[in-house]
file upload08.cif (mmCIF, C-alpha atoms)
data_protein
loop_
_atom_site.label_atom_id
_atom_site.label_comp_id
_atom_site.auth_asym_id
_atom_site.auth_seq_id
_atom_site.Cartn_x
_atom_site.Cartn_y
_atom_site.Cartn_z
CA MET Y 174 22.29 20.25 -29.29
CA ASN Y 175 20.57 16.89 -29.42
CA PRO Y 176 16.85 16.90 -30.21
CA SER Y 177 14.51 16.06 -27.36
CA TYR Y 178 11.33 14.10 -27.79
CA GLU Y 179 8.55 14.27 -25.27
CA ILE Y 180 5.59 12.23 -24.19
CA THR Y 181 3.25 12.68 -21.24
CA VAL Y 182 1.98 9.56 -19.54
CA GLU Y 183 -1.10 10.35 -17.50
CA ILE Y 184 -2.20 7.69 -15.04
CA GLY Y 185 -4.76 8.41 -12.34
CA GLY Y 186 -5.04 11.97 -13.63
CA MET Y 187 -1.35 12.52 -12.81
CA PRO Y 188 0.52 13.75 -15.91
CA ILE Y 189 4.22 12.86 -15.97
CA LEU Y 190 6.28 14.28 -18.82
CA LEU Y 191 9.08 12.09 -20.13
CA HIS Y 192 11.95 13.51 -22.20
CA THR Y 193 14.11 11.28 -24.36
CA GLN Y 194 16.63 11.95 -27.08
CA ASP Y 195 15.61 8.81 -28.93
CA ASP Y 196 12.53 9.14 -31.10
CA SER Y 197 12.16 5.39 -31.54
CA PHE Y 198 11.99 5.03 -27.76
CA ARG Y 199 9.35 7.75 -27.62
CA GLN Y 200 7.38 5.80 -30.22
CA LEU Y 201 7.77 2.66 -28.15
CA LEU Y 202 6.36 4.53 -25.14
CA THR Y 203 3.52 5.89 -27.26
CA ARG Y 204 2.49 2.36 -28.13
CA ARG Y 205 3.04 1.05 -24.62
CA TYR Y 206 0.92 3.74 -22.97
CA ALA Y 207 -1.73 4.09 -25.65
CA GLY Y 208 -4.86 5.44 -24.01
CA PHE Y 209 -2.84 7.07 -21.25
CA ILE Y 210 -1.07 9.77 -23.27
CA GLY Y 211 -1.78 13.26 -21.96
CA SER Y 212 -0.97 16.82 -22.96
CA VAL Y 213 2.67 17.89 -22.64
CA SER Y 214 1.66 21.39 -21.60
CA ARG Y 215 0.69 20.79 -17.97
CA PRO Y 216 2.85 18.05 -16.45
CA ARG Y 217 2.89 17.47 -12.72
CA PHE Y 218 6.40 16.03 -12.87
CA GLU Y 219 9.10 15.64 -15.52
CA PHE Y 220 11.76 13.01 -16.08
CA ASP Y 221 14.75 13.00 -18.42
CA ILE Y 222 15.41 9.50 -19.68
CA GLU Y 223 19.01 8.67 -20.48
CA LEU Y 224 19.21 5.50 -22.50
CA THR Y 225 22.11 3.18 -21.88
CA ALA Y 226 23.38 0.12 -23.69
CA PRO Y 227 21.27 -2.98 -23.06
CA SER Y 228 22.27 -4.45 -19.74
CA THR Y 229 23.45 -8.01 -19.35
CA ALA Y 230 21.93 -7.98 -15.88
CA ALA Y 231 18.70 -9.90 -15.61
CA ARG Y 232 15.62 -7.84 -15.04
CA ASP Y 233 14.98 -8.31 -11.36
CA ASP Y 234 11.62 -8.57 -9.73
CA ASP Y 235 10.33 -5.88 -7.42
CA ASN Y 236 11.80 -7.60 -4.38
CA ASP Y 237 15.19 -6.30 -5.42
CA VAL Y 238 14.20 -2.71 -5.87
CA ARG Y 239 15.66 -0.06 -3.54
CA VAL Y 240 13.85 3.22 -2.97
CA GLU Y 241 15.45 5.67 -0.58
CA MET Y 242 15.21 9.38 0.15
CA GLN Y 243 18.57 11.19 0.40
CA ASP Y 244 18.76 14.95 0.89
CA GLY Y 245 15.23 15.42 -0.33
CA VAL Y 246 15.77 13.36 -3.48
CA TRP Y 247 14.30 9.91 -4.05
CA ARG Y 248 16.78 7.39 -5.40
CA LEU Y 249 15.31 4.37 -7.15
CA GLN Y 250 17.47 1.46 -8.11
CA ARG Y 251 17.03 -2.01 -9.55
CA GLY Y 252 19.29 -4.20 -11.66
CA ASP Y 253 17.90 -2.73 -14.87
CA PHE Y 254 17.51 0.95 -13.94
CA ARG Y 255 18.69 3.82 -11.77
CA ALA Y 256 16.58 6.88 -11.23
CA GLN Y 257 16.40 9.91 -9.05
CA TRP Y 258 13.50 12.22 -8.45
CA ASP Y 259 13.30 15.50 -6.60
CA PRO Y 260 9.60 15.93 -5.75
CA ARG Y 261 10.07 19.57 -4.67
CA ALA Y 262 11.65 20.52 -7.99
CA GLY Y 263 9.21 18.28 -9.84
CA ARG Y 264 12.03 16.79 -11.89
CA GLY Y 265 13.90 13.54 -12.14
CA ARG Y 266 16.28 11.49 -14.25
CA ILE Y 267 16.11 7.84 -15.31
CA ARG Y 268 18.98 5.74 -16.65
CA GLN Y 269 17.88 2.57 -18.38
CA SER Y 270 18.16 0.71 -21.64
CA ALA Y 271 15.52 1.13 -24.34
CA ASN Y 272 12.91 -1.23 -22.97
CA PRO Y 273 9.36 -0.63 -21.71
CA TYR Y 274 9.70 -2.70 -18.52
CA SER Y 275 12.13 -0.47 -16.65
CA ILE Y 276 10.21 2.75 -17.24
CA ASP Y 277 7.05 0.88 -16.28
CA SER Y 278 8.57 0.00 -12.92
CA VAL Y 279 9.88 3.52 -12.36
CA LEU Y 280 6.44 4.96 -13.05
CA ARG Y 281 4.82 2.49 -10.67
CA ILE Y 282 7.25 3.43 -7.91
CA VAL Y 283 6.85 7.16 -8.51
CA HIS Y 284 3.08 6.80 -8.35
CA THR Y 285 3.30 4.87 -5.07
CA LEU Y 286 5.34 7.73 -3.62
CA ILE Y 287 2.94 10.39 -4.89
CA LEU Y 288 -0.13 8.50 -3.72
CA ALA Y 289 1.31 7.78 -0.27
CA ARG Y 290 1.38 11.53 0.38
CA GLU Y 291 -2.17 11.95 -0.86
CA GLY Y 292 -3.93 9.15 1.01
CA GLY Y 293 -4.06 6.72 -1.90
CA PHE Y 294 -2.11 3.70 -3.05
CA LEU Y 295 -1.47 1.23 -5.83
CA LEU Y 296 -3.13 -2.09 -5.08
CA HIS Y 297 -2.24 -5.49 -6.43
CA SER Y 298 -5.73 -6.13 -7.77
CA ALA Y 299 -7.89 -6.31 -10.82
CA GLY Y 300 -10.43 -3.52 -11.14
CA ALA Y 301 -13.59 -2.97 -13.12
CA ILE Y 302 -16.50 -0.54 -13.36
CA ARG Y 303 -20.08 -1.73 -13.43
CA ASN Y 304 -23.18 0.44 -13.07
CA GLY Y 305 -21.04 3.46 -12.24
CA ARG Y 306 -19.15 1.85 -9.38
CA ALA Y 307 -15.69 0.37 -9.29
CA PHE Y 308 -14.99 -3.09 -7.87
CA LEU Y 309 -11.51 -4.16 -6.92
CA PHE Y 310 -10.54 -7.84 -6.89
CA SER Y 311 -7.45 -8.50 -4.87
CA GLY Y 312 -5.52 -11.55 -3.82
CA VAL Y 313 -2.27 -13.39 -4.10
CA SER Y 314 -1.05 -14.68 -7.45
CA GLY Y 315 -3.36 -17.45 -8.58
CA ALA Y 316 -6.34 -16.19 -6.56
CA GLY Y 317 -8.22 -15.32 -9.74
CA LYS Y 318 -7.56 -11.70 -10.73
CA THR Y 319 -6.92 -12.58 -14.35
CA THR Y 320 -9.72 -15.14 -14.38
CA ILE Y 321 -12.36 -12.74 -13.12
CA SER Y 322 -11.15 -10.08 -15.56
CA ARG Y 323 -11.40 -12.53 -18.44
CA LEU Y 324 -14.95 -13.52 -17.39
CA ALA Y 325 -16.21 -9.91 -17.28
CA PRO Y 326 -19.40 -9.42 -19.35
CA PRO Y 327 -19.60 -6.72 -22.05
CA ASP Y 328 -21.21 -4.09 -19.82
CA VAL Y 329 -18.15 -4.12 -17.53
CA THR Y 330 -15.29 -1.67 -18.11
CA LEU Y 331 -11.97 -3.23 -17.18
CA LEU Y 332 -9.64 -0.85 -15.33
CA THR Y 333 -6.79 -3.32 -14.91
CA ASP Y 334 -6.15 -6.99 -14.36
CA GLU Y 335 -3.06 -6.39 -12.24
CA VAL Y 336 -2.55 -3.03 -10.49
CA SER Y 337 -5.35 -0.71 -9.37
CA TYR Y 338 -4.84 2.99 -8.85
CA VAL Y 339 -6.70 4.11 -5.71
CA ARG Y 340 -7.11 7.83 -5.05
CA ARG Y 341 -8.65 9.56 -2.07
CA ASP Y 342 -11.75 11.39 -3.15
CA ASP Y 343 -13.94 13.97 -1.41
CA ASP Y 344 -16.44 11.41 -0.20
CA GLY Y 345 -14.47 8.21 -0.37
CA TYR Y 346 -12.14 6.50 -2.80
CA ARG Y 347 -11.92 6.38 -6.56
CA ALA Y 348 -10.33 3.66 -8.70
CA CYS Y 349 -8.59 4.69 -11.92
CA GLY Y 350 -7.60 2.55 -14.86
CA THR Y 351 -3.93 1.76 -15.35
CA PRO Y 352 -1.79 0.54 -18.22
CA PHE Y 353 -0.15 -1.93 -15.82
CA ALA Y 354 -1.29 -5.25 -17.24
CA GLY Y 355 -0.92 -8.73 -15.85
CA GLU Y 356 -1.39 -12.10 -17.51
CA LEU Y 357 -4.29 -10.77 -19.56
CA ALA Y 358 -1.76 -8.49 -21.29
CA ARG Y 359 -4.52 -5.99 -21.85
CA VAL Y 360 -4.16 -2.33 -20.90
CA GLY Y 361 -7.03 -1.04 -18.76
CA GLU Y 362 -9.42 1.70 -19.77
CA ASN Y 363 -8.35 5.20 -18.80
CA CYS Y 364 -11.38 6.12 -16.71
CA SER Y 365 -12.39 6.09 -13.07
CA ALA Y 366 -15.30 5.57 -10.71
CA PRO Y 367 -16.04 5.65 -6.97
CA ILE Y 368 -15.08 2.36 -5.36
CA GLY Y 369 -18.13 0.27 -4.42
CA SER Y 370 -16.24 -2.51 -2.72
CA LEU Y 371 -12.97 -4.34 -2.41
CA LEU Y 372 -13.26 -8.09 -2.77
CA PHE Y 373 -10.54 -10.51 -1.77
CA LEU Y 374 -10.66 -13.46 -4.11
CA LYS Y 375 -10.72 -17.14 -3.38
CA GLN Y 376 -11.71 -19.82 -5.84
CA GLY Y 377 -14.15 -22.41 -4.46
CA SER Y 378 -17.05 -24.73 -5.24
CA LYS Y 379 -19.81 -22.11 -5.06
CA ASN Y 380 -20.21 -18.36 -5.41
CA THR Y 381 -20.46 -16.48 -2.11
CA ILE Y 382 -19.73 -12.99 -0.84
CA GLU Y 383 -19.03 -12.49 2.86
CA PRO Y 384 -17.99 -9.39 4.79
CA VAL Y 385 -14.43 -9.27 6.10
CA ALA Y 386 -13.86 -7.93 9.62
CA LYS Y 387 -11.88 -4.71 9.67
CA PRO Y 388 -8.71 -6.05 11.32
CA GLU Y 389 -8.53 -8.87 8.79
CA ALA Y 390 -9.36 -6.42 5.99
CA ILE Y 391 -6.45 -4.18 6.95
CA ARG Y 392 -4.11 -7.16 7.16
CA CYS Y 393 -5.13 -8.37 3.68
CA LEU Y 394 -5.07 -4.86 2.24
CA LEU Y 395 -1.58 -4.08 3.52
CA ARG Y 396 -0.35 -7.36 2.08
CA ASN Y 397 -1.47 -6.23 -1.38
CA ILE Y 398 -0.51 -2.54 -1.42
CA LEU Y 399 2.48 -1.87 -3.63
CA PHE Y 400 5.06 0.05 -1.67
CA PHE Y 401 8.82 0.01 -1.98
CA ALA Y 402 10.24 2.99 -0.09
CA GLU Y 403 12.38 2.56 2.98
CA ASP Y 404 10.87 5.59 4.66
CA ALA Y 405 9.25 5.50 8.09
CA GLY Y 406 7.06 8.52 7.43
CA LEU Y 407 5.60 7.10 4.27
CA VAL Y 408 5.09 3.67 5.85
CA ARG Y 409 2.97 5.43 8.48
CA SER Y 410 1.05 7.26 5.76
CA VAL Y 411 0.31 4.03 3.90
CA PHE Y 412 -0.82 2.36 7.12
CA GLN Y 413 -3.17 5.23 7.91
CA SER Y 414 -4.47 5.21 4.33
CA ALA Y 415 -5.23 1.49 4.60
CA CYS Y 416 -7.10 2.08 7.86
CA GLU Y 417 -9.08 4.96 6.36
CA PHE Y 418 -9.92 2.86 3.33
CA VAL Y 419 -11.40 -0.08 5.27
CA GLU Y 420 -13.45 2.32 7.37
CA ARG Y 421 -15.04 3.85 4.28
CA VAL Y 422 -15.18 1.06 1.70
CA PRO Y 423 -16.91 -2.31 2.20
CA VAL Y 424 -14.36 -5.11 2.16
CA GLN Y 425 -15.63 -8.58 1.32
CA ARG Y 426 -14.40 -12.05 0.52
CA LEU Y 427 -15.56 -13.34 -2.84
CA THR Y 428 -15.40 -17.11 -3.16
CA PHE Y 429 -16.16 -18.02 -6.73
CA VAL Y 430 -16.46 -20.77 -9.27
CA PRO Y 431 -14.44 -19.72 -12.29
CA ASP Y 432 -17.27 -19.18 -14.74
CA SER Y 433 -19.24 -16.14 -15.86
CA ARG Y 434 -22.00 -16.57 -13.25
CA VAL Y 435 -19.76 -14.93 -10.67
CA TRP Y 436 -20.53 -11.58 -12.28
CA ASP Y 437 -24.23 -12.03 -11.36
CA MET Y 438 -23.12 -11.23 -7.81
CA ILE Y 439 -21.18 -8.12 -8.73
CA GLN Y 440 -23.66 -5.35 -9.47
CA MET U 118 10.98 -8.86 41.00
CA LYS U 119 12.05 -5.46 39.72
CA GLU U 120 9.37 -3.05 38.56
CA LYS U 121 9.16 -2.31 34.84
CA TYR U 122 7.90 0.64 32.85
CA ILE U 123 6.66 0.35 29.30
CA ALA U 124 6.25 2.94 26.57
CA ARG U 125 5.03 2.82 23.01
CA SER U 126 7.78 3.24 20.45
CA GLN U 127 7.61 6.33 18.27
CA ALA U 128 8.67 4.27 15.26
CA ILE U 129 5.22 2.81 14.78
CA ALA U 130 1.79 3.70 13.55
CA SER U 131 -1.28 2.37 15.30
CA ARG U 132 -5.01 2.51 15.09
CA LEU U 133 -7.93 1.06 17.03
CA LEU U 134 -10.37 -0.69 14.70
CA GLY U 135 -13.18 -3.06 15.55
CA GLY U 136 -11.99 -3.22 19.17
CA GLU U 137 -8.52 -4.41 18.15
CA MET U 138 -5.37 -2.35 18.04
CA MET U 139 -3.55 -2.48 14.72
CA ILE U 140 0.12 -1.65 14.89
CA MET U 141 2.64 -1.32 12.12
CA SER U 142 6.35 -0.94 12.59
CA ALA U 143 7.54 1.98 10.50
CA ALA U 144 11.01 0.48 10.50
CA ASP U 145 10.28 -2.86 8.85
CA SER U 146 6.51 -2.74 8.11
CA THR U 147 5.84 -5.64 10.48
CA PHE U 148 2.14 -5.73 11.31
CA PHE U 149 0.60 -6.66 14.64
CA THR U 150 -2.96 -7.03 15.83
CA LEU U 151 -3.58 -6.84 19.57
CA ASN U 152 -6.49 -8.55 21.33
CA SER U 153 -8.62 -6.64 23.80
CA VAL U 154 -6.40 -7.32 26.84
CA ALA U 155 -3.22 -6.45 24.97
CA THR U 156 -4.93 -3.31 23.65
CA VAL U 157 -5.65 -2.16 27.20
CA VAL U 158 -1.99 -2.67 28.14
CA TRP U 159 -0.87 -0.88 24.98
CA GLN U 160 -3.08 2.12 25.68
CA ALA U 161 -1.81 2.33 29.25
CA ALA U 162 1.86 2.15 28.20
CA ASP U 163 2.64 5.78 28.94
CA GLY U 164 6.20 5.19 30.14
CA ARG U 165 5.39 6.43 33.64
CA THR U 166 2.88 3.96 35.09
CA PRO U 167 4.55 0.88 36.61
CA LEU U 168 3.68 -2.34 34.79
CA SER U 169 2.28 -3.91 37.96
CA GLU U 170 -0.08 -0.97 38.30
CA ILE U 171 -1.20 -1.34 34.69
CA VAL U 172 -1.97 -4.99 35.35
CA ALA U 173 -3.75 -4.33 38.64
CA HIS U 174 -5.82 -1.34 37.54
CA HIS U 175 -6.34 -1.79 33.82
CA VAL U 176 -6.22 -5.53 33.19
CA CYS U 177 -7.62 -6.96 36.44
CA GLY U 178 -9.99 -3.99 36.66
CA GLU U 179 -11.53 -4.66 33.26
CA PHE U 180 -11.20 -8.42 32.83
CA GLU U 181 -11.98 -11.29 35.17
CA VAL U 182 -8.46 -12.51 35.82
CA ASP U 183 -6.32 -12.83 38.94
CA PHE U 184 -3.26 -10.60 39.29
CA GLU U 185 -0.64 -13.38 39.15
CA THR U 186 -1.99 -14.87 35.93
CA ALA U 187 -2.47 -11.47 34.33
CA HIS U 188 0.99 -10.27 35.34
CA ARG U 189 2.64 -13.36 33.90
CA ASP U 190 0.74 -13.07 30.60
CA VAL U 191 1.34 -9.34 30.29
CA ARG U 192 5.08 -9.71 30.92
CA GLN U 193 5.21 -12.30 28.15
CA PHE U 194 3.28 -9.98 25.82
CA VAL U 195 5.57 -7.07 26.68
CA GLU U 196 8.65 -9.20 26.05
CA ASN U 197 7.30 -10.22 22.66
CA LEU U 198 6.48 -6.69 21.51
CA SER U 199 9.73 -5.27 22.88
CA SER U 200 11.69 -7.84 20.89
CA HIS U 201 10.18 -6.24 17.76
CA GLY U 202 10.92 -2.72 19.00
CA ILE U 203 7.23 -1.94 19.26
CA LEU U 204 7.26 -1.45 23.03
CA LEU U 205 10.13 0.05 24.99
CA VAL U 206 10.87 -1.43 28.41
CA SER U 207 12.86 0.10 31.26
CA GLU U 208 13.36 -0.35 34.96
CA HIS U 209 12.89 3.41 35.33
CA PRO U 210 10.14 5.77 34.14
CA PHE U 211 10.74 7.17 30.67
CA SER U 212 11.37 10.83 30.12
CA GLY U 213 8.72 12.65 28.09
CA SER U 214 10.70 12.78 24.85
CA SER U 215 11.95 9.21 24.64
CA ALA U 216 8.67 7.58 23.69
CA GLY U 217 5.07 8.38 23.33
CA PRO U 218 1.79 7.76 21.67
CA THR U 219 1.51 7.90 17.90
CA GLU U 220 -1.97 6.51 17.54
CA ALA U 221 -4.04 8.01 14.82
CA ALA U 222 -7.19 9.91 15.55
#
call {"tool": "encode", "arguments": {"input": "upload08.cif", "output": "C-alpha cells"}}
result
Amino acid sequence: MNPSYEITVEIGGMPILLHTQDDSFRQLLTRRYAGFIGSVSRPRFEFDIELTAPSTAARDDDNDVRVEMQDGVWRLQRGDFRAQWDPRAGRGRIRQSANPYSIDSVLRIVHTLILAREGGFLLHSAGAIRNGRAFLFSGVSGAGKTTISRLAPPDVTLLTDEVSYVRRDDDGYRACGTPFAGELARVGENCSAPIGSLLFLKQGSKNTIEPVAKPEAIRCLLRNILFFAEDAGLVRSVFQSACEFVERVPVQRLTFVPDSRVWDMIQ
Amino acid sequence: MKEKYIARSQAIASRLLGGEMMIMSAADSTFFTLNSVATVVWQAADGRTPLSEIVAHHVCGEFEVDFETAHRDVRQFVENLSSHGILLVSEHPFSGSSAGPTEAA
C-alpha cells in the first residue's frame, strides 16, 4: 500500500483535507499555504489528489473552466486539471500535475460552491482590516487593488490583494484572509473582521469617497464575484447574496491618487 | 392587434432595490435593471392579465402617459425581455404552472 500524506488547508474557517501520495507535493502545499494550514482531525471536506505527468497543455485562465453538477457530484475541469466532488459525501478527487496553480484553482472553485450555499462569495478584491473593521477594495484589473494594498500603513492587516473571502455572519458580513495572492505575490493574513464597507476603486486626481446607489452597487458587485458553476439554483443564490450584501454593507466609490494619503480616508 | 399575455420566467431571480427591479437570468447570468415603469409592468406580469389591461390600469394609472404611447413602449420592452427569455409572451393566458413569480422577499 502506498503511503498517504495529508495536509489541511483552512481558508475562511473551512478546513479541507488534502491527501497525496507524494510527500514532496505535500511539502510544496505546506509552503504554498503557510499560515492557512489547519488540523487534519476535523476536516469539512476531503480530496484525494492524484498526480499526473506534467501536461503539455497551457494553463488556461478561468474563462475556460467548466463546473457542472451531474448526479449530485460536481465536476470541475480545466486544461490543467480534472476534479470531482461529492458535497454530500464530503469527498472528492483531483487529477493534476505537481504544481500549486491547479490545486489553487480547484480550491477557489470549491469555496465558491460552498459559499454560494451559505450566503457568501469570493470577491475579486483586495481586503484589509483597520481598527477592527474590514475594508474591501474591488475593481477591474488595473483599478488599483495591488496599489492600495502596497500603500497600506503598518497598522493595517492585509487580508488579500486579489480575492476576498466573504462570509455571512449573524449581524452582517465578515471578510477572511486568503492565500490567493495577486501581483503583490503576498499571502494574506489568516484572520477576519466584520466588513465596514466595500469600495469600488478608481484612480483619479484627488481622493474622494462617494456612496454608490444600490442598483449600481449590485451591478458592480456581481461583475466581481467569482463564480464558475453552470447551475441555475446557485446563480440565484449568488444573486440573492449580492442583494443581501448591498442592503447591509455600505458600498462606496473610492477615487484615489496613488499615494499613501488615500489611507487617511479609510478608518 | 391580437391581445398578449406576459408572465415572468421561472429561470430568473429578481429583487426590488432602490425602486428598481434587478433581474438576473439563471440560465446565462445576464443582468437587467428595470426602470420604474418597466418595474410596474414586470410586477403585473402574472400570465393572466391582458397586456392592454396592464398598460391601461398599471402604467397609465400610475404615470402621466397616454395609452397609445405607453402601449407602444411597453410592447417594445416586452419584446426585448422576451428575446432574453426573461419574460414569456403568449396570445393566450398562461396556465398556473408554466410561469410565475420568483422575486425574493
call {"tool": "residues_near_point", "arguments": {"input": "upload08.cif", "point": "(-10.3, -4.6, 30.9)", "cutoff": "12 Å", "atoms": "all atoms listed in the file", "output": "ChimeraX atom specification"}}
result
/U:136,152-161,171-182,187
call {"tool": "residues_around", "arguments": {"input": "upload08.cif", "residues": "Ala271 of chain Y", "least_positions_apart": "2", "cutoff": "10 Å", "atoms": "only C-alpha atoms", "output": "list in words"}}
result
Asp195, Ser197, Phe198, Arg199, Leu201, Leu202, Ile222, Glu223, Leu224, Thr225, Ala226, Pro227, Ser228, Arg268, Gln269, Pro273, Tyr274, Ser275 and Ile276 of chain Y
call {"tool": "resolve_selection", "arguments": {"input": "upload08.cif", "expression": "the PyMOL selection byres ((chain U) within 8 of (chain Y))", "output": "count of residues only"}}
result
15
call {"tool": "atom_distance", "arguments": {"input": "upload08.cif", "atom1": "atom CA of Val422 of chain Y", "atom2": "atom CA of Ser370 of chain Y"}}
result
5.8 Å
call {"tool": "resolve_selection", "arguments": {"input": "upload08.cif", "expression": "the PyMOL selection byres ((chain U and resi 164-167) around 7)", "output": "PyMOL selection string"}}
result
chain U and resi 120-124+162-163+168-171+210-211
call {"tool": "residues_around", "arguments": {"input": "upload08.cif", "residues": "segment 175-178 of chain Y", "least_positions_apart": "4", "cutoff": "9 Å", "atoms": "only C-alpha atoms", "output": "ChimeraX atom specification"}}
result
/Y:191-196,199
call {"tool": "resolve_selection", "arguments": {"input": "upload08.cif", "expression": "the PyMOL selection byres ((chain Y and resi 237-247) around 9)", "output": "JSON, numbers by chain"}}
result
{"Y": [233, 234, 235, 236, 248, 249, 250, 251, 252, 256, 257, 258, 259, 260, 261, 265, 282, 401, 402, 403, 404]}
call {"tool": "atom_distance", "arguments": {"input": "upload08.cif", "atom1": "atom CA of Phe184 of chain U", "atom2": "atom CA of Met118 of chain U"}}
result
14.4 Å
call {"tool": "closest_residue", "arguments": {"input": "upload08.cif", "among": "Y:Phe373, Y:Phe310, Y:Phe218, Y:Phe254", "to": "Gln425 of chain Y", "atoms": "all atoms listed in the file"}}
result
Y:Phe373
call {"tool": "atom_distance", "arguments": {"input": "upload08.cif", "atom1": "atom CA of Glu335 of chain Y", "atom2": "atom CA of Leu427 of chain Y"}}
result
17.1 Å
call {"tool": "closest_residue", "arguments": {"input": "upload08.cif", "among": "Y:Glu383, Y:Asp437, Y:Asp344, Y:Glu356", "to": "Arg421 of chain Y", "atoms": "all atoms listed in the file"}}
result
Y:Asp344
call {"tool": "closest_residue", "arguments": {"input": "upload08.cif", "among": "Y:Gly350, Y:Gly345, Y:Pro367, Y:Gly315", "to": "Pro431 of chain Y", "atoms": "only C-alpha atoms"}}
result
Y:Gly315
call {"tool": "residues_near_point", "arguments": {"input": "upload08.cif", "point": "(3.2, 18.6, -20.5)", "cutoff": "10 Å", "atoms": "all atoms listed in the file", "output": "number ranges by chain"}}
result
Y: 179-183, 188-191, 211-219
call {"tool": "residues_around", "arguments": {"input": "upload08.cif", "residues": "Thr285 of chain Y", "least_positions_apart": "6", "cutoff": "8 Å", "atoms": "only C-alpha atoms", "output": "number ranges by chain"}}
result
Y: 294-295, 399-401
